[in-house]
Each structure stands twice: as structure tokens, then as C-alpha cells.
$ cat protein-v7.csv   # CSV, C-alpha atoms
chain,number,residue,atom,x,y,z
A,866,MET,CA,9.8,84.0,98.6
A,867,SER,CA,6.6,83.4,100.4
A,868,ALA,CA,3.4,84.2,98.6
A,869,ARG,CA,2.4,86.6,101.3
A,870,PHE,CA,4.8,89.2,99.9
A,871,VAL,CA,3.6,91.3,97.0
A,872,LYS,CA,5.5,93.0,94.2
A,873,ALA,CA,7.5,95.9,95.5
A,874,SER,CA,6.0,98.4,93.1
A,875,ASN,CA,2.6,98.1,94.8
A,876,ALA,CA,3.9,99.9,97.9
A,877,LEU,CA,6.3,102.4,96.5
A,878,ARG,CA,4.1,105.5,97.0
A,879,PRO,CA,4.3,108.4,99.5
A,880,ASN,CA,2.4,107.5,102.6
A,881,ASP,CA,1.4,109.0,105.9
A,882,ALA,CA,3.7,107.8,108.7
A,883,SER,CA,1.0,108.3,111.4
A,884,GLU,CA,-1.3,105.7,109.6
A,885,THR,CA,1.4,103.1,109.1
A,886,ARG,CA,2.9,100.3,111.2
A,887,VAL,CA,5.7,98.3,109.8
A,888,LYS,CA,7.4,95.1,110.9
A,889,LEU,CA,11.1,95.2,111.6
A,890,TYR,CA,13.1,91.9,112.0
A,891,SER,CA,16.0,92.9,114.2
A,892,TYR,CA,18.7,92.0,116.7
A,893,TYR,CA,19.6,94.5,119.4
A,894,ARG,CA,23.3,94.4,118.8
A,895,SER,CA,23.2,94.4,115.0
A,896,SER,CA,24.6,97.7,113.8
A,897,ALA,CA,22.7,97.4,110.5
A,898,ALA,CA,19.4,97.0,112.4
A,899,TYR,CA,20.4,99.9,114.6
A,900,ARG,CA,20.6,102.1,111.5
A,901,VAL,CA,17.1,101.2,110.5
A,902,ARG,CA,15.7,101.8,114.0
A,903,ILE,CA,17.1,105.3,113.9
A,904,ALA,CA,15.6,105.9,110.4
A,905,LEU,CA,12.2,104.6,111.6
A,906,ASN,CA,12.3,106.9,114.7
A,907,LEU,CA,13.3,109.9,112.6
A,908,LYS,CA,10.3,109.3,110.3
A,909,GLY,CA,8.0,108.9,113.3
A,910,LEU,CA,7.0,105.4,112.2
A,911,LYS,CA,5.5,102.9,114.5
A,912,TYR,CA,6.8,99.4,114.1
A,913,ASP,CA,6.5,95.9,115.4
A,914,TYR,CA,9.9,94.6,116.7
A,915,ILE,CA,10.5,91.0,115.8
A,916,ALA,CA,13.7,89.8,117.4
A,917,LYS,CA,16.0,87.3,115.7
A,918,HIS,CA,18.8,86.3,118.0
A,919,LEU,CA,22.0,85.8,116.1
A,920,LEU,CA,23.6,83.6,118.7
A,921,LYS,CA,20.9,81.6,120.5
A,922,ASP,CA,20.4,78.0,119.5
A,923,GLY,CA,22.8,78.4,116.5
A,924,GLY,CA,21.2,81.6,115.4
A,925,GLU,CA,17.5,82.2,114.9
A,926,HIS,CA,18.3,84.0,111.6
A,927,ARG,CA,19.3,80.7,110.1
A,928,ARG,CA,16.0,79.0,110.7
A,929,ALA,CA,13.9,78.0,107.7
A,930,ASP,CA,11.0,80.3,108.6
A,931,TYR,CA,13.3,83.3,108.6
A,932,LEU,CA,15.2,82.3,105.5
A,933,ASP,CA,11.8,82.3,103.7
A,934,ILE,CA,11.7,86.0,104.6
A,935,ASN,CA,15.3,86.8,103.9
A,936,PRO,CA,17.2,84.2,102.0
A,937,GLN,CA,20.5,85.7,103.1
A,938,GLY,CA,19.6,85.1,106.7
A,939,PHE,CA,20.6,88.6,107.8
A,940,VAL,CA,18.9,91.3,109.9
A,941,PRO,CA,17.4,93.7,109.4
A,942,ALA,CA,14.5,93.0,107.2
A,943,LEU,CA,11.5,95.3,106.9
A,944,GLU,CA,8.0,94.5,105.9
A,945,ASN,CA,5.4,97.2,104.9
A,946,GLU,CA,2.1,96.5,103.2
A,947,GLY,CA,3.2,93.1,102.0
A,948,VAL,CA,6.5,94.3,100.7
A,949,LEU,CA,9.7,92.9,102.1
A,950,ILE,CA,12.9,94.9,101.9
A,951,THR,CA,16.3,93.6,103.0
A,952,GLN,CA,19.7,95.4,103.3
A,953,SER,CA,19.8,98.4,105.6
A,954,LEU,CA,20.7,101.0,103.0
A,955,ALA,CA,18.0,99.8,100.7
A,956,ILE,CA,15.5,99.9,103.6
A,957,ILE,CA,16.5,103.5,104.6
A,958,GLU,CA,16.2,104.7,101.0
A,959,TYR,CA,12.9,103.0,100.7
A,960,LEU,CA,11.6,104.7,103.8
A,961,ASP,CA,12.9,108.0,102.5
A,962,GLU,CA,10.9,107.6,99.3
A,963,VAL,CA,7.7,106.3,100.9
A,964,PHE,CA,7.8,108.6,103.9
A,965,PRO,CA,9.7,111.6,102.6
A,966,THR,CA,9.5,113.8,105.7
A,967,PRO,CA,12.0,114.4,107.1
A,968,GLY,CA,14.3,113.7,104.2
A,969,LEU,CA,17.5,111.8,104.8
A,970,LEU,CA,19.0,112.5,101.5
A,971,PRO,CA,19.6,116.0,100.1
A,972,VAL,CA,17.6,117.3,97.2
A,973,VAL,CA,20.6,118.5,95.1
A,974,PRO,CA,22.1,115.5,93.1
A,975,ALA,CA,25.7,116.4,94.0
A,976,ASP,CA,24.8,116.6,97.7
A,977,ARG,CA,22.9,113.3,97.5
A,978,ALA,CA,26.0,111.7,96.0
A,979,ILE,CA,28.2,112.9,98.7
A,980,VAL,CA,25.9,111.7,101.5
A,981,ARG,CA,25.6,108.3,99.7
A,982,ALA,CA,29.4,108.1,99.4
A,983,MET,CA,29.9,108.8,103.1
A,984,SER,CA,27.2,106.2,103.9
A,985,LEU,CA,28.8,103.6,101.7
A,986,LEU,CA,32.2,104.2,103.2
A,987,ILE,CA,30.7,102.9,106.5
A,988,ALA,CA,28.4,100.3,105.0
A,989,CYS,CA,30.7,98.8,102.4
A,990,ASP,CA,34.3,99.6,103.6
A,991,ILE,CA,34.1,99.4,107.4
A,992,HIS,CA,31.1,97.3,108.5
A,993,PRO,CA,31.5,94.2,106.3
A,994,LEU,CA,35.0,93.6,107.6
A,995,ASN,CA,33.9,94.0,111.3
A,996,ASN,CA,30.6,92.1,111.4
A,997,LEU,CA,30.0,88.9,113.4
A,998,ARG,CA,30.2,86.4,110.6
A,999,VAL,CA,33.6,87.8,109.5
A,1000,LEU,CA,35.0,87.8,113.1
A,1001,ASN,CA,33.7,84.3,113.7
A,1002,TYR,CA,35.4,83.1,110.5
A,1003,LEU,CA,38.7,84.7,111.6
A,1004,LYS,CA,38.4,82.7,114.9
A,1005,SER,CA,37.3,79.5,113.3
A,1006,PRO,CA,38.3,78.1,110.8
A,1007,MET,CA,41.2,80.7,110.4
A,1008,GLU,CA,42.2,80.0,114.0
A,1009,GLN,CA,43.0,83.5,114.9
A,1010,GLY,CA,43.0,84.4,118.6
A,1011,SER,CA,41.0,87.1,120.4
A,1012,ASP,CA,43.9,89.6,120.2
A,1013,ALA,CA,44.4,89.1,116.5
A,1014,THR,CA,40.7,89.4,115.8
A,1015,ALA,CA,40.5,92.6,117.9
A,1016,ALA,CA,43.5,94.0,116.0
A,1017,TRP,CA,41.8,93.2,112.7
A,1018,TYR,CA,38.6,95.0,113.9
A,1019,ARG,CA,40.4,98.1,115.0
A,1020,HIS,CA,42.6,98.3,111.9
A,1021,TRP,CA,39.7,98.5,109.5
A,1022,ILE,CA,37.7,101.0,111.7
A,1023,ALA,CA,40.7,103.2,112.0
A,1024,ALA,CA,41.3,103.2,108.2
A,1025,GLY,CA,37.6,104.1,107.5
A,1026,PHE,CA,37.3,106.6,110.3
A,1027,ALA,CA,40.4,108.5,109.2
A,1028,ALA,CA,38.9,109.1,105.8
A,1029,LEU,CA,35.4,109.8,107.2
A,1030,ASP,CA,36.8,112.4,109.6
A,1031,THR,CA,38.4,114.3,106.7
A,1032,LEU,CA,35.1,114.2,104.8
A,1033,ILE,CA,33.1,115.4,107.8
A,1034,ALA,CA,35.5,118.3,108.4
A,1035,ARG,CA,35.1,119.2,104.8
A,1036,TYR,CA,31.3,119.1,104.5
A,1037,SER,CA,29.8,119.7,108.0
A,1038,ASP,CA,28.6,123.2,108.5
A,1039,ALA,CA,28.8,123.5,112.3
A,1040,GLY,CA,30.2,120.1,113.4
A,1041,ARG,CA,26.9,118.7,114.4
A,1042,HIS,CA,26.1,116.6,111.3
A,1043,THR,CA,28.2,114.7,108.9
A,1044,PHE,CA,26.9,116.8,106.0
A,1045,LYS,CA,25.9,120.4,106.2
A,1046,ASP,CA,23.3,121.2,108.9
A,1047,SER,CA,20.7,118.5,109.1
A,1048,VAL,CA,20.5,114.8,109.8
A,1049,THR,CA,21.1,112.6,106.7
A,1050,MET,CA,21.6,108.9,106.0
A,1051,ALA,CA,25.3,109.3,106.7
A,1052,ASP,CA,24.5,110.3,110.3
A,1053,VAL,CA,22.2,107.4,110.6
A,1054,LEU,CA,25.0,105.1,109.7
A,1055,LEU,CA,27.7,106.9,111.7
A,1056,VAL,CA,26.3,106.4,115.2
A,1057,PRO,CA,26.0,102.6,115.1
A,1058,GLN,CA,29.5,102.3,113.8
A,1059,VAL,CA,30.8,104.6,116.6
A,1060,ALA,CA,29.0,102.4,119.1
A,1061,ASN,CA,30.7,99.4,117.7
A,1062,SER,CA,34.1,101.1,117.9
A,1063,ARG,CA,33.6,101.8,121.6
A,1064,ARG,CA,33.1,98.1,122.2
A,1065,TYR,CA,36.6,97.6,121.0
A,1066,GLN,CA,38.0,100.6,122.9
A,1067,MET,CA,38.8,102.7,119.9
A,1068,ASP,CA,40.3,106.2,120.7
A,1069,LEU,CA,37.8,108.5,119.0
A,1070,SER,CA,39.8,111.6,119.9
A,1071,LEU,CA,42.0,110.7,116.9
A,1072,TYR,CA,39.0,111.7,114.8
A,1073,PRO,CA,37.9,115.1,116.2
A,1074,ALA,CA,35.3,116.0,113.6
A,1075,LEU,CA,33.7,112.6,113.6
A,1076,GLN,CA,33.7,112.5,117.4
A,1077,LYS,CA,32.1,115.9,117.7
A,1078,VAL,CA,29.3,115.0,115.3
A,1079,ALA,CA,28.7,111.6,117.0
A,1080,THR,CA,28.5,113.3,120.4
A,1081,HIS,CA,25.8,115.7,119.1
A,1082,LEU,CA,23.8,112.9,117.4
A,1083,GLU,CA,23.8,110.4,120.2
A,1084,ILE,CA,21.7,112.6,122.5
A,1085,LEU,CA,18.9,113.2,119.9
A,1086,PRO,CA,15.7,111.3,120.9
A,1087,ALA,CA,15.5,109.3,117.7
A,1088,PHE,CA,19.0,108.0,118.2
A,1089,VAL,CA,18.6,107.4,121.9
A,1090,ALA,CA,15.5,105.3,121.4
A,1091,ALA,CA,17.3,103.1,118.8
A,1092,ARG,CA,20.2,102.2,121.1
A,1093,PRO,CA,20.9,98.5,121.6
A,1094,GLU,CA,20.3,98.6,125.3
A,1095,ALA,CA,16.8,100.1,124.8
A,1096,GLN,CA,15.5,97.3,122.6
A,1097,PRO,CA,13.1,94.6,123.9
A,1098,ASP,CA,15.6,91.8,123.2
A,1099,ALA,CA,18.6,93.5,124.9
A,1100,GLU,CA,20.5,91.3,127.3
$ encode --input "protein-v7.csv" --output "C-alpha cells"
Amino acid sequence: MSARFVKASNALRPNDASETRVKLYSYYRSSAAYRVRIALNLKGLKYDYIAKHLLKDGGEHRRADYLDINPQGFVPALENEGVLITQSLAIIEYLDEVFPTPGLLPVVPADRAIVRAMSLLIACDIHPLNNLRVLNYLKSPMEQGSDATAAWYRHWIAAGFAALDTLIARYSDAGRHTFKDSVTMADVLLVPQVANSRRYQMDLSLYPALQKVATHLEILPAFVAARPEAQPDAE
């Protein structure tokens, strides 16, 4: 890693969001970057948006200068005070520790575990099977057509959303949030995944608890400002 990045422990301290400006390496249609944009907005953090187009010229995220920042070549990546964090969930938890208000994880350990479990259901069981590199691999070299690829996409979202809908019905207090009565990390992950599902014409009415929560969250200012079409690199 480049010498310009310092050891992470140097910046793991509570900070004032109003005095901070971070760098976010992003792509407008990346759902993982979408999550981080929501979290940054909820925290009231200003950030410099550094676009990395995943398709142009073979993918700007594959260039040597960006691989020096993130060896995986993924977006998002977040830089704050010389510390570079990759992986969207790690970034969100980092932000929650360094900028603790408003909190995105409950205080009670059991509640935190439930929110993490709901978040991981999206981040680990749905999203990896639907992201661009997987879909591209299905098309080539696996030689699957567009219909087969779309069927794959919808199958894994449906499986995850069915389970998540049950969990939301169990833990949401008023049907406005995935867990109890405030925005948590699970909400931050839900909205981008719902946006992805709409691109593939998923029938969200099959998941009434999930749909109700998403409908509420999607009109909140922090979520609106994070939408793909609102980003400077939107096409």
C-alpha cells in the first residue's frame, strides 16, 4: 500500500463530523458504494466524490493507480486522515465508531447482533451473487444468455428477500425500519438492494414488510441524496 496511508489506529477516535471531509471512491451504480453514501449522509459528513467507472476503458477500478489504493480493485473505498478503509460494511462500522451520532448499530449486544445478521444477509448472501463481476462471468466464459443471467439474479434476490421479509416483520416496531424504530445499518443496506431488484423487475409486493420499510426509507433526505441518479458520474 502507498506510503501516504497511515496505520489505521491513528484515526480510530471519535471525531466531529462538521470538521471532517473524507474521500469516497465510488461508482454511481455500485450498490456497495450506494450504502456508504447513505451512511455518510446520515452522519452529516462532507466528502469528495472520486468516480471510478467500472465499465469505461476496461474499468477504471482496474488501473494501477487505483489498485495501489484498493488491491481488490473494488469500490467503494474511503479515505479519512490518511486511513484507507475498503469493504462497505467495514467502512460503515468505521464511520459509526469514529462519528457515533447518529448511531447505526444498537447499543444492546443482542440487538447489534440482529442488525448485523440482517445486514450480512444482504451483503453476503444476496449481493455477491448479483454483482457485476459475477453476472459478467455467467455471460462469459460460462456462455449464459441474458435470460438465464436475469433468472439467476432474480432467484437469489427472491431467496434472500423472503427471509429478510420475515425478519423485518418480526423485529420492526412500526413497519418503517428493518429493526425497531430507527435507522440502522440494515436499512442502509436494504435500500440499494431494493433499487437493484427494481432494475430486474422484481415483484416487491411478495415481500410486504420489506416493501413497506423501503418505501418509507427511500424518501428520507439522506437516502434521496445517495441515489445513483443524483451522483456526479451518473449517466
$ atom_distance --input "protein-v7.csv" --atom1 "CA of Ala1079 in chain A" --atom2 "CA of Leu960 in chain A"
22.7 Å
$ residues_around --input "protein-v7.csv" --residues "Leu970 in chain A" --least-positions-apart "5" --cutoff "10 Å" --atoms "only C-alpha atoms" --output "list in words"
Ile957, Glu958, Asp961, Glu962, Pro965, Asp976, Arg977, Ala978, Ile979, Val980, Arg981, Ser1047, Val1048, Thr1049, Met1050 and Ala1051 of chain A
$ closest_residue --input "protein-v7.csv" --among "A:Arg900, A:His1081, A:Arg1019, A:Lys921" --to "Ile991 in chain A" --atoms "all atoms listed in the file"
A:Arg1019
$ closest_residue --input "protein-v7.csv" --among "A:Arg1092, A:His918, A:Arg886, A:Arg928" --to "Glu944 in chain A" --atoms "only C-alpha atoms"
A:Arg886
$ atom_distance --input "protein-v7.csv" --atom1 "CA of Ser953 in chain A" --atom2 "CA of Val1056 in chain A"
14.1 Å
$ closest_residue --input "protein-v7.csv" --among "A:Lys1077, A:Lys908, A:Arg894, A:Arg1041" --to "Leu920 in chain A" --atoms "only C-alpha atoms"
A:Arg894
$ residues_around --input "protein-v7.csv" --residues "range 1026-1031 of chain A" --least-positions-apart "3" --cutoff "6 Å" --atoms "only C-alpha atoms" --output "list in words"
Ile1022, Ala1023, Ala1034, Tyr1072, Ala1074 and Leu1075 of chain A
$ write_last_selection --input "protein-v7.csv" --atoms "C-alpha atoms" --output "CSV table (one decimal), keeping the file's coordinate frame"
chain,number,residue,atom,x,y,z
A,1022,ILE,CA,37.7,101.0,111.7
A,1023,ALA,CA,40.7,103.2,112.0
A,1034,ALA,CA,35.5,118.3,108.4
A,1072,TYR,CA,39.0,111.7,114.8
A,1074,ALA,CA,35.3,116.0,113.6
A,1075,LEU,CA,33.7,112.6,113.6
$ residues_around --input "protein-v7.csv" --residues "Ala1095 in chain A" --least-positions-apart "2" --cutoff "12 Å" --atoms "only C-alpha atoms" --output "VMD selection string"
chain A and resid 892 to 894 899 902 914 1086 to 1093 1097 to 1100
$ write_last_selection --input "protein-v7.csv" --atoms "C-alpha atoms" --output "short mmCIF file (atom, residue, chain, number, x, y, z; two decimals), keeping the file's coordinate frame"
data_model
loop_
_atom_site.label_atom_id
_atom_site.label_comp_id
_atom_site.auth_asym_id
_atom_site.auth_seq_id
_atom_site.Cartn_x
_atom_site.Cartn_y
_atom_site.Cartn_z
CA TYR A 892 18.70 92.00 116.70
CA TYR A 893 19.60 94.50 119.40
CA ARG A 894 23.30 94.40 118.80
CA TYR A 899 20.40 99.90 114.60
CA ARG A 902 15.70 101.80 114.00
CA TYR A 914 9.90 94.60 116.70
CA PRO A 1086 15.70 111.30 120.90
CA ALA A 1087 15.50 109.30 117.70
CA PHE A 1088 19.00 108.00 118.20
CA VAL A 1089 18.60 107.40 121.90
CA ALA A 1090 15.50 105.30 121.40
CA ALA A 1091 17.30 103.10 118.80
CA ARG A 1092 20.20 102.20 121.10
CA PRO A 1093 20.90 98.50 121.60
CA PRO A 1097 13.10 94.60 123.90
CA ASP A 1098 15.60 91.80 123.20
CA ALA A 1099 18.60 93.50 124.90
CA GLU A 1100 20.50 91.30 127.30
#
$ closest_residue --input "protein-v7.csv" --among "A:Leu1071, A:Met983, A:Ile956, A:Leu889" --to "Ala916 in chain A" --atoms "only C-alpha atoms"
A:Leu889
$ atom_distance --input "protein-v7.csv" --atom1 "CA of Ser1070 in chain A" --atom2 "CA of Leu1054 in chain A"
19.1 Å
$ closest_residue --input "protein-v7.csv" --among "A:Asp1012, A:Ala982, A:Pro1006, A:Pro967" --to "Asn906 in chain A" --atoms "all atoms listed in the file"
A:Pro967
$ residues_near_point --input "protein-v7.csv" --point "(27.1, 91.4, 107.9)" --cutoff "12 Å" --atoms "only C-alpha atoms" --output "number ranges by chain"
A: 894-898, 919, 937-941, 952-953, 988-1001
$ closest_residue --input "protein-v7.csv" --among "A:Val972, A:Ala904, A:Ile915, A:Ile987" --to "Tyr959 in chain A" --atoms "only C-alpha atoms"
A:Ala904
$ residues_around --input "protein-v7.csv" --residues "Leu943 in chain A" --least-positions-apart "4" --cutoff "7 Å" --atoms "only C-alpha atoms" --output "list in words"
Lys888, Leu889, Tyr890, Leu949, Ile950, Thr951 and Ile956 of chain A
$ build_atoms --input "protein-v7.csv" --residues "range 942-976 of chain A" --atoms "N, CA and C atoms" --output "PDB file, in the frame of the given file"
ATOM      1  N   ALA A 942      15.418  93.138 108.295  1.00  0.00           N
ATOM      2  CA  ALA A 942      14.500  93.000 107.200  1.00  0.00           C
ATOM      3  C   ALA A 942      13.266  93.840 107.589  1.00  0.00           C
ATOM      4  N   LEU A 943      12.645  94.479 106.634  1.00  0.00           N
ATOM      5  CA  LEU A 943      11.500  95.300 106.900  1.00  0.00           C
ATOM      6  C   LEU A 943      10.331  94.961 106.045  1.00  0.00           C
ATOM      7  N   GLU A 944       9.164  94.849 106.663  1.00  0.00           N
ATOM      8  CA  GLU A 944       8.000  94.500 105.900  1.00  0.00           C
ATOM      9  C   GLU A 944       6.940  95.643 106.056  1.00  0.00           C
ATOM     10  N   ASN A 945       6.421  96.075 104.917  1.00  0.00           N
ATOM     11  CA  ASN A 945       5.400  97.200 104.900  1.00  0.00           C
ATOM     12  C   ASN A 945       4.415  96.868 103.791  1.00  0.00           C
ATOM     13  N   GLU A 946       3.168  96.691 104.176  1.00  0.00           N
ATOM     14  CA  GLU A 946       2.100  96.500 103.200  1.00  0.00           C
ATOM     15  C   GLU A 946       2.382  95.317 102.282  1.00  0.00           C
ATOM     16  N   GLY A 947       2.927  94.232 102.828  1.00  0.00           N
ATOM     17  CA  GLY A 947       3.200  93.100 102.000  1.00  0.00           C
ATOM     18  C   GLY A 947       4.488  93.116 101.232  1.00  0.00           C
ATOM     19  N   VAL A 948       5.225  94.205 101.358  1.00  0.00           N
ATOM     20  CA  VAL A 948       6.500  94.300 100.700  1.00  0.00           C
ATOM     21  C   VAL A 948       7.619  94.054 101.669  1.00  0.00           C
ATOM     22  N   LEU A 949       8.571  93.223 101.270  1.00  0.00           N
ATOM     23  CA  LEU A 949       9.700  92.900 102.100  1.00  0.00           C
ATOM     24  C   LEU A 949      10.962  93.448 101.543  1.00  0.00           C
ATOM     25  N   ILE A 950      11.654  94.265 102.349  1.00  0.00           N
ATOM     26  CA  ILE A 950      12.900  94.900 101.900  1.00  0.00           C
ATOM     27  C   ILE A 950      14.019  94.407 102.838  1.00  0.00           C
ATOM     28  N   THR A 951      15.149  94.034 102.241  1.00  0.00           N
ATOM     29  CA  THR A 951      16.300  93.600 103.000  1.00  0.00           C
ATOM     30  C   THR A 951      17.460  94.619 102.689  1.00  0.00           C
ATOM     31  N   GLN A 952      18.564  94.494 103.430  1.00  0.00           N
ATOM     32  CA  GLN A 952      19.700  95.400 103.300  1.00  0.00           C
ATOM     33  C   GLN A 952      19.407  96.757 103.880  1.00  0.00           C
ATOM     34  N   SER A 953      20.155  97.158 104.888  1.00  0.00           N
ATOM     35  CA  SER A 953      19.800  98.400 105.600  1.00  0.00           C
ATOM     36  C   SER A 953      19.774  99.634 104.788  1.00  0.00           C
ATOM     37  N   LEU A 954      20.711  99.804 103.867  1.00  0.00           N
ATOM     38  CA  LEU A 954      20.700 101.000 103.000  1.00  0.00           C
ATOM     39  C   LEU A 954      19.487 101.038 102.118  1.00  0.00           C
ATOM     40  N   ALA A 955      19.149  99.874 101.560  1.00  0.00           N
ATOM     41  CA  ALA A 955      18.000  99.800 100.700  1.00  0.00           C
ATOM     42  C   ALA A 955      16.706 100.111 101.516  1.00  0.00           C
ATOM     43  N   ILE A 956      16.657  99.624 102.750  1.00  0.00           N
ATOM     44  CA  ILE A 956      15.500  99.900 103.600  1.00  0.00           C
ATOM     45  C   ILE A 956      15.418 101.408 103.906  1.00  0.00           C
ATOM     46  N   ILE A 957      16.541 102.017 104.245  1.00  0.00           N
ATOM     47  CA  ILE A 957      16.500 103.500 104.600  1.00  0.00           C
ATOM     48  C   ILE A 957      16.117 104.287 103.376  1.00  0.00           C
ATOM     49  N   GLU A 958      16.623 103.959 102.200  1.00  0.00           N
ATOM     50  CA  GLU A 958      16.200 104.700 101.000  1.00  0.00           C
ATOM     51  C   GLU A 958      14.768 104.475 100.668  1.00  0.00           C
ATOM     52  N   TYR A 959      14.291 103.266 100.859  1.00  0.00           N
ATOM     53  CA  TYR A 959      12.900 103.000 100.700  1.00  0.00           C
ATOM     54  C   TYR A 959      12.015 103.822 101.588  1.00  0.00           C
ATOM     55  N   LEU A 960      12.384 103.839 102.870  1.00  0.00           N
ATOM     56  CA  LEU A 960      11.600 104.700 103.800  1.00  0.00           C
ATOM     57  C   LEU A 960      11.660 106.121 103.436  1.00  0.00           C
ATOM     58  N   ASP A 961      12.789 106.583 102.916  1.00  0.00           N
ATOM     59  CA  ASP A 961      12.900 108.000 102.500  1.00  0.00           C
ATOM     60  C   ASP A 961      12.027 108.332 101.351  1.00  0.00           C
ATOM     61  N   GLU A 962      11.793 107.368 100.485  1.00  0.00           N
ATOM     62  CA  GLU A 962      10.900 107.600  99.300  1.00  0.00           C
ATOM     63  C   GLU A 962       9.451 107.496  99.682  1.00  0.00           C
ATOM     64  N   VAL A 963       9.125 106.521 100.517  1.00  0.00           N
ATOM     65  CA  VAL A 963       7.700 106.300 100.900  1.00  0.00           C
ATOM     66  C   VAL A 963       7.236 107.251 101.948  1.00  0.00           C
ATOM     67  N   PHE A 964       8.140 107.623 102.843  1.00  0.00           N
ATOM     68  CA  PHE A 964       7.800 108.600 103.900  1.00  0.00           C
ATOM     69  C   PHE A 964       8.852 109.698 103.844  1.00  0.00           C
ATOM     70  N   PRO A 965       8.665 110.645 102.958  1.00  0.00           N
ATOM     71  CA  PRO A 965       9.700 111.600 102.600  1.00  0.00           C
ATOM     72  C   PRO A 965      10.036 112.686 103.622  1.00  0.00           C
ATOM     73  N   THR A 966       9.288 112.748 104.719  1.00  0.00           N
ATOM     74  CA  THR A 966       9.500 113.800 105.700  1.00  0.00           C
ATOM     75  C   THR A 966       9.860 113.169 107.068  1.00  0.00           C
ATOM     76  N   PRO A 967      10.981 113.569 107.672  1.00  0.00           N
ATOM     77  CA  PRO A 967      12.000 114.400 107.100  1.00  0.00           C
ATOM     78  C   PRO A 967      12.927 113.657 106.167  1.00  0.00           C
ATOM     79  N   GLY A 968      13.446 114.368 105.176  1.00  0.00           N
ATOM     80  CA  GLY A 968      14.300 113.700 104.200  1.00  0.00           C
ATOM     81  C   GLY A 968      15.660 113.374 104.741  1.00  0.00           C
ATOM     82  N   LEU A 969      16.139 112.201 104.383  1.00  0.00           N
ATOM     83  CA  LEU A 969      17.500 111.800 104.800  1.00  0.00           C
ATOM     84  C   LEU A 969      18.512 111.856 103.738  1.00  0.00           C
ATOM     85  N   LEU A 970      18.080 112.257 102.556  1.00  0.00           N
ATOM     86  CA  LEU A 970      19.000 112.500 101.500  1.00  0.00           C
ATOM     87  C   LEU A 970      18.732 113.899 100.897  1.00  0.00           C
ATOM     88  N   PRO A 971      19.784 114.670 100.645  1.00  0.00           N
ATOM     89  CA  PRO A 971      19.600 116.000 100.100  1.00  0.00           C
ATOM     90  C   PRO A 971      18.886 116.035  98.766  1.00  0.00           C
ATOM     91  N   VAL A 972      18.331 117.180  98.421  1.00  0.00           N
ATOM     92  CA  VAL A 972      17.600 117.300  97.200  1.00  0.00           C
ATOM     93  C   VAL A 972      18.589 117.481  95.985  1.00  0.00           C
ATOM     94  N   VAL A 973      19.657 118.222  96.174  1.00  0.00           N
ATOM     95  CA  VAL A 973      20.600 118.500  95.100  1.00  0.00           C
ATOM     96  C   VAL A 973      21.382 117.199  94.774  1.00  0.00           C
ATOM     97  N   PRO A 974      21.431 116.792  93.497  1.00  0.00           N
ATOM     98  CA  PRO A 974      22.100 115.500  93.100  1.00  0.00           C
ATOM     99  C   PRO A 974      23.507 115.389  93.629  1.00  0.00           C
ATOM    100  N   ALA A 975      24.302 116.437  93.528  1.00  0.00           N
ATOM    101  CA  ALA A 975      25.700 116.400  94.000  1.00  0.00           C
ATOM    102  C   ALA A 975      25.751 116.116  95.484  1.00  0.00           C
ATOM    103  N   ASP A 976      24.876 116.782  96.225  1.00  0.00           N
ATOM    104  CA  ASP A 976      24.800 116.600  97.700  1.00  0.00           C
ATOM    105  C   ASP A 976      24.384 115.173  98.022  1.00  0.00           C
TER     106      ASP A 976
END
